[in-house]
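**Student:** Following this message is one structure expressed as structure tokens.
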Amino acid sequence: MADVEEILMKAEDHMEKTVANLEDNFAAVRTGRANAMVLNRISVDYYGTKTPISQMAGIKTPEAHLLVIEPWDKSSLKDIEKAILDSDLGVTPNNDGMVIRLPFPTLTEERRRELAKQCHTYAEEARVAVRNARRDANTAIDKAQKNDGMPEDEAKRAEGDIQKMTDKFVTQIDDLLKKKEAELMEV
């Protein structure tokens with residue numbers, strides 16, 4: 001017999017992972033301010049292994065619109081620079097032989113709107129994923145009711161709990177989107 005708690009925990013776990021993924025997506029969206037999180041998705045071919053920049057260099061933010069990447073192994077400077085240029089970051093690195101400077105220009109109004117639209121897309125994908133988790137959980141409850149003889153009142157209670165959980169996570173997604181939009185539109 002399918003355990004209601006197990007079904008609820010599985011759905012909640014899926015929804016939490018969805019929100020965490022959304023936060024990662026939002027962190028990678030450039031806001032015009034220097035943020036080391038934008039480098040998280042960039043990996044460098046370092047001695048034949050794809051390595052995140054954060055694991056091979058110190059990353060500092062000396063001012064609001066500048067990131068400084070200081071590799072521990074100076075021979076990797078060119079590789080890091082190439083990886084940044086090949087990425088979709090849209091920032092040209094300055095390599096002085098010791099460190100790489102990433103100057104982040106202030107965003108135009110048009111670019112801010114494009115990034116906000118991109119964030120809306122990420123949020124909608126997250127909402128869909130949360131709703132899919134709800135659907136899967138409700139399907140599991142229905143199967144348990146039909147096949148395992150789960151009482152109808154217990155099934156209704158579980159479906160209500162699943163809906164409350166869904167509403168909670170969708171609200172969380174909406175709040176994250178509002179926060180990111182405000183960050184993007186801030187001049």
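Residue numbering restarts at 1 for every chain of the structure tokens, chains are lettered A, B, ... in their displayed order, and ligands are numbered from 1 as they appear.
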If you count only C-alpha atoms, which residues fall within 12 Å of A:Val128, apart from same-chain ones fewer than 6 positions away, as a PyMOL selection string?

**Tutor:** chain A and resi 14-15+18-19+22+121-122+134-135+166+169-170+173

**Student:** Can you tell me, as an NGL selection string, what residues are no more than 9 Å from A:Val91 when counting only C-alpha atoms, ignoring any on the same chain fewer than 4 positions away?

**Tutor:** :A and (84-85 or 102-105)

**Student:** Pick out the residues sitting within 12 Å of A:Glu183, and hand them over as a ChimeraX atom specification; count only C-alpha atoms, and ignore anything fewer than 3 positions along from it in its own chain.

**Tutor:** /A:26-27,29-33,107,112-113,115-116,119,176-180,186-187

**Student:** For the residues in the current selection, export N, CA and C atoms as a short mmCIF file (atom, residue, chain, number, x, y, z; two decimals), in the first residue's frame.

**Tutor:**
data_model
loop_
_atom_site.label_atom_id
_atom_site.label_comp_id
_atom_site.auth_asym_id
_atom_site.auth_seq_id
_atom_site.Cartn_x
_atom_site.Cartn_y
_atom_site.Cartn_z
N PHE A 26 18.20 32.18 -11.64
CA PHE A 26 18.14 33.62 -11.38
C PHE A 26 19.53 34.16 -11.04
N ALA A 27 20.32 33.40 -10.29
CA ALA A 27 21.66 33.86 -9.90
C ALA A 27 22.55 34.04 -11.12
N VAL A 29 21.58 35.11 -14.00
CA VAL A 29 21.14 36.24 -14.82
C VAL A 29 21.87 37.49 -14.34
N ARG A 30 22.59 38.09 -15.26
CA ARG A 30 23.41 39.26 -14.95
C ARG A 30 22.52 40.47 -14.70
N THR A 31 22.80 41.22 -13.64
CA THR A 31 21.96 42.36 -13.29
C THR A 31 22.65 43.70 -13.48
N GLY A 32 23.87 43.70 -14.01
CA GLY A 32 24.59 44.96 -14.17
C GLY A 32 25.56 45.18 -13.03
N ARG A 33 25.33 44.49 -11.93
CA ARG A 33 26.26 44.51 -10.82
C ARG A 33 27.12 43.26 -10.92
N LEU A 107 23.40 48.07 -17.46
CA LEU A 107 22.47 47.53 -18.44
C LEU A 107 21.58 48.63 -19.02
N ARG A 112 17.51 45.22 -19.79
CA ARG A 112 16.84 44.89 -18.52
C ARG A 112 15.50 44.20 -18.79
N ARG A 113 14.77 44.72 -19.78
CA ARG A 113 13.47 44.11 -20.11
C ARG A 113 13.65 42.69 -20.67
N LEU A 115 16.10 40.62 -19.95
CA LEU A 115 16.47 39.76 -18.83
C LEU A 115 15.26 39.48 -17.94
N ALA A 116 14.38 40.48 -17.75
CA ALA A 116 13.17 40.28 -16.97
C ALA A 116 12.27 39.25 -17.66
N CYS A 119 13.65 35.90 -17.02
CA CYS A 119 13.33 35.48 -15.65
C CYS A 119 11.88 35.00 -15.55
N LEU A 176 10.26 35.06 -5.51
CA LEU A 176 11.62 35.09 -6.07
C LEU A 176 11.65 35.91 -7.36
N LEU A 177 10.62 35.76 -8.19
CA LEU A 177 10.55 36.50 -9.44
C LEU A 177 10.43 38.00 -9.17
N LYS A 178 9.57 38.39 -8.25
CA LYS A 178 9.41 39.82 -7.91
C LYS A 178 10.74 40.41 -7.43
N LYS A 179 11.43 39.66 -6.59
CA LYS A 179 12.71 40.12 -6.05
C LYS A 179 13.73 40.29 -7.17
N LYS A 180 13.81 39.31 -8.08
CA LYS A 180 14.78 39.38 -9.17
C LYS A 180 14.42 40.51 -10.14
N GLU A 186 16.47 47.95 -11.00
CA GLU A 186 17.16 48.94 -10.19
C GLU A 186 18.30 49.55 -11.01
N VAL A 187 18.33 50.88 -11.07
CA VAL A 187 19.37 51.54 -11.87
C VAL A 187 20.51 51.97 -10.98
#

**Student:** Within 12 Å of stretch 48-51 of chain A, counting only C-alpha atoms, which residues qualify if same-chain residues fewer than 5 places away don't, as a list in words?

**Tutor:**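 Listed by chain and then number, they are Leu39, Asn40, Arg41, Ile42, Ser43, Met56, Ala57, Ser76, Asp79, Ile80 and Ala83 of chain A.
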
**Student:** I need the chosen residues saved as a PDB file, in the first residue's frame, with C-alpha atoms.

**Tutor:**
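Listing of selection_24.pdb after writing:
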ATOM      1  CA  LEU A  39      30.646  32.369 -13.207  1.00  0.00           C
ATOM      2  CA  ASN A  40      29.111  29.232 -11.669  1.00  0.00           C
ATOM      3  CA  ARG A  41      28.017  27.837 -15.022  1.00  0.00           C
ATOM      4  CA  ILE A  42      31.364  28.387 -16.714  1.00  0.00           C
ATOM      5  CA  SER A  43      33.780  25.454 -16.650  1.00  0.00           C
ATOM      6  CA  MET A  56      40.685  27.190  -9.581  1.00  0.00           C
ATOM      7  CA  ALA A  57      40.771  30.888  -8.726  1.00  0.00           C
ATOM      8  CA  SER A  76      45.443  28.699 -16.489  1.00  0.00           C
ATOM      9  CA  ASP A  79      42.067  28.935 -20.459  1.00  0.00           C
ATOM     10  CA  ILE A  80      39.862  30.877 -18.036  1.00  0.00           C
ATOM     11  CA  ALA A  83      36.044  29.925 -21.314  1.00  0.00           C
TER      12      ALA A  83
END

**Student:** Which residue out of A:Ser75, A:Arg101, A:Asn95, A:Ala137 has the minimum interatomic distance to A:Glu63 when only C-alpha atoms are used?

**Tutor:** A:Arg101

**Student:** Going by DSSP on the backbone, which bits of chain A are strand (DSSP E)? Write them as a PyMOL selection string, please.

**Tutor:** chain A and resi 43-46+49-52+57-63+66-71+94-95+100-103

**Student:** Please dump the current selection as a compact mmCIF listing (two decimals), in the first residue's frame; keep N, CA, C and O atoms.

**Tutor:**
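Heads up, here's the output in result.txt:
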# COMPACT_ATOMS: atom_id res chain seq x y z
N SER A 43 32.74 26.42 -17.00
CA SER A 43 33.78 25.45 -16.65
C SER A 43 34.95 25.62 -17.60
O SER A 43 34.78 25.93 -18.77
N VAL A 44 36.14 25.41 -17.06
CA VAL A 44 37.38 25.56 -17.82
C VAL A 44 37.99 24.18 -18.02
O VAL A 44 38.00 23.37 -17.10
N ASP A 45 38.52 23.95 -19.22
CA ASP A 45 39.23 22.69 -19.47
C ASP A 45 40.60 22.82 -18.82
O ASP A 45 41.50 23.47 -19.34
N TYR A 46 40.74 22.21 -17.66
CA TYR A 46 41.95 22.35 -16.85
C TYR A 46 42.62 20.99 -16.72
O TYR A 46 42.13 20.12 -16.02
N THR A 49 40.23 18.19 -17.52
CA THR A 49 39.03 18.04 -16.69
C THR A 49 38.25 19.35 -16.71
O THR A 49 38.84 20.42 -16.54
N LYS A 50 36.94 19.27 -16.90
CA LYS A 50 36.09 20.46 -16.82
C LYS A 50 36.02 20.89 -15.36
O LYS A 50 35.51 20.15 -14.52
N THR A 51 36.53 22.08 -15.05
CA THR A 51 36.61 22.57 -13.68
C THR A 51 35.94 23.93 -13.57
O THR A 51 36.22 24.82 -14.37
N PRO A 52 35.06 24.12 -12.58
CA PRO A 52 34.44 25.43 -12.38
C PRO A 52 35.52 26.47 -12.01
O PRO A 52 36.48 26.15 -11.31
N ALA A 57 40.36 29.49 -8.85
CA ALA A 57 40.77 30.89 -8.73
C ALA A 57 40.01 31.57 -7.59
O ALA A 57 38.92 31.15 -7.23
N GLY A 58 40.64 32.61 -7.08
CA GLY A 58 39.95 33.47 -6.12
C GLY A 58 39.16 34.50 -6.90
O GLY A 58 39.64 35.06 -7.89
N ILE A 59 37.92 34.75 -6.49
CA ILE A 59 37.07 35.71 -7.19
C ILE A 59 36.71 36.83 -6.21
O ILE A 59 36.16 36.57 -5.15
N LYS A 60 37.04 38.05 -6.61
CA LYS A 60 36.79 39.20 -5.73
C LYS A 60 35.93 40.22 -6.45
O LYS A 60 35.91 40.28 -7.68
N THR A 61 35.24 41.03 -5.66
CA THR A 61 34.43 42.11 -6.20
C THR A 61 34.91 43.43 -5.58
O THR A 61 34.35 43.90 -4.60
N PRO A 62 35.98 44.04 -6.15
CA PRO A 62 36.52 45.26 -5.55
C PRO A 62 35.59 46.47 -5.68
O PRO A 62 35.64 47.39 -4.87
N GLU A 63 34.73 46.47 -6.70
CA GLU A 63 33.74 47.53 -6.85
C GLU A 63 32.48 46.95 -7.46
O GLU A 63 32.48 45.81 -7.94
N LEU A 66 32.72 45.37 -11.14
CA LEU A 66 33.96 44.70 -11.53
C LEU A 66 34.18 43.42 -10.73
O LEU A 66 34.03 43.40 -9.52
N LEU A 67 34.50 42.35 -11.46
CA LEU A 67 34.93 41.09 -10.83
C LEU A 67 36.40 40.90 -11.16
O LEU A 67 36.82 41.16 -12.30
N VAL A 68 37.18 40.45 -10.20
CA VAL A 68 38.59 40.14 -10.43
C VAL A 68 38.79 38.65 -10.14
O VAL A 68 38.46 38.18 -9.06
N ILE A 69 39.31 37.94 -11.15
CA ILE A 69 39.55 36.51 -11.03
C ILE A 69 41.07 36.33 -10.94
O ILE A 69 41.79 36.70 -11.86
N GLU A 70 41.52 35.76 -9.83
CA GLU A 70 42.94 35.55 -9.61
C GLU A 70 43.21 34.04 -9.52
O GLU A 70 43.01 33.43 -8.47
N PRO A 71 43.66 33.43 -10.63
CA PRO A 71 43.90 31.99 -10.63
C PRO A 71 45.06 31.61 -9.71
O PRO A 71 46.04 32.35 -9.62
N ASN A 94 39.51 41.24 -19.30
CA ASN A 94 40.80 41.91 -19.48
C ASN A 94 41.84 41.12 -18.71
O ASN A 94 41.77 41.01 -17.49
N ASN A 95 42.83 40.58 -19.44
CA ASN A 95 43.87 39.75 -18.84
C ASN A 95 45.16 40.55 -18.80
O ASN A 95 45.67 40.97 -19.83
N ILE A 100 42.42 38.35 -14.12
CA ILE A 100 41.46 38.67 -15.18
C ILE A 100 40.43 39.60 -14.56
O ILE A 100 39.85 39.29 -13.52
N ARG A 101 40.21 40.73 -15.22
CA ARG A 101 39.19 41.68 -14.75
C ARG A 101 37.98 41.55 -15.66
O ARG A 101 38.12 41.53 -16.89
N LEU A 102 36.80 41.47 -15.04
CA LEU A 102 35.55 41.41 -15.80
C LEU A 102 34.75 42.68 -15.48
O LEU A 102 34.07 42.74 -14.46
N PRO A 103 34.80 43.67 -16.35
CA PRO A 103 34.01 44.88 -16.12
C PRO A 103 32.57 44.65 -16.60
O PRO A 103 32.34 44.25 -17.73

**Student:** What are the DSSP helix (DSSP H, G or I) residues of chain A, as an NGL selection string?

**Tutor:** :A and (4-28 or 36-39 or 53-55 or 74-86 or 109-147 or 152-185)

**Student:** Using only C-alpha atoms, pick whichever of A:Ala158, A:Ala126, A:Ala20, A:Leu184 has the shortest atom-to-atom distance to A:Arg111.

**Tutor:**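 Using only C-alpha atoms, the shortest distance to A:Arg111 belongs to A:Leu184.
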
**Student:** I'd like the interatomic distance between atom CA of A:Lys168 and atom CA of A:Asn21, to a tenth of an Å.

**Tutor:**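 So the answer is 16.4 Å.
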
**Student:** May I ask which of the residues A:Glu159, A:Glu114, A:Glu81, A:Asp3 is the closest one to A:Ala144, counting only C-alpha atoms?

**Tutor:**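 Closest to A:Ala144 of all the choices is A:Asp3.
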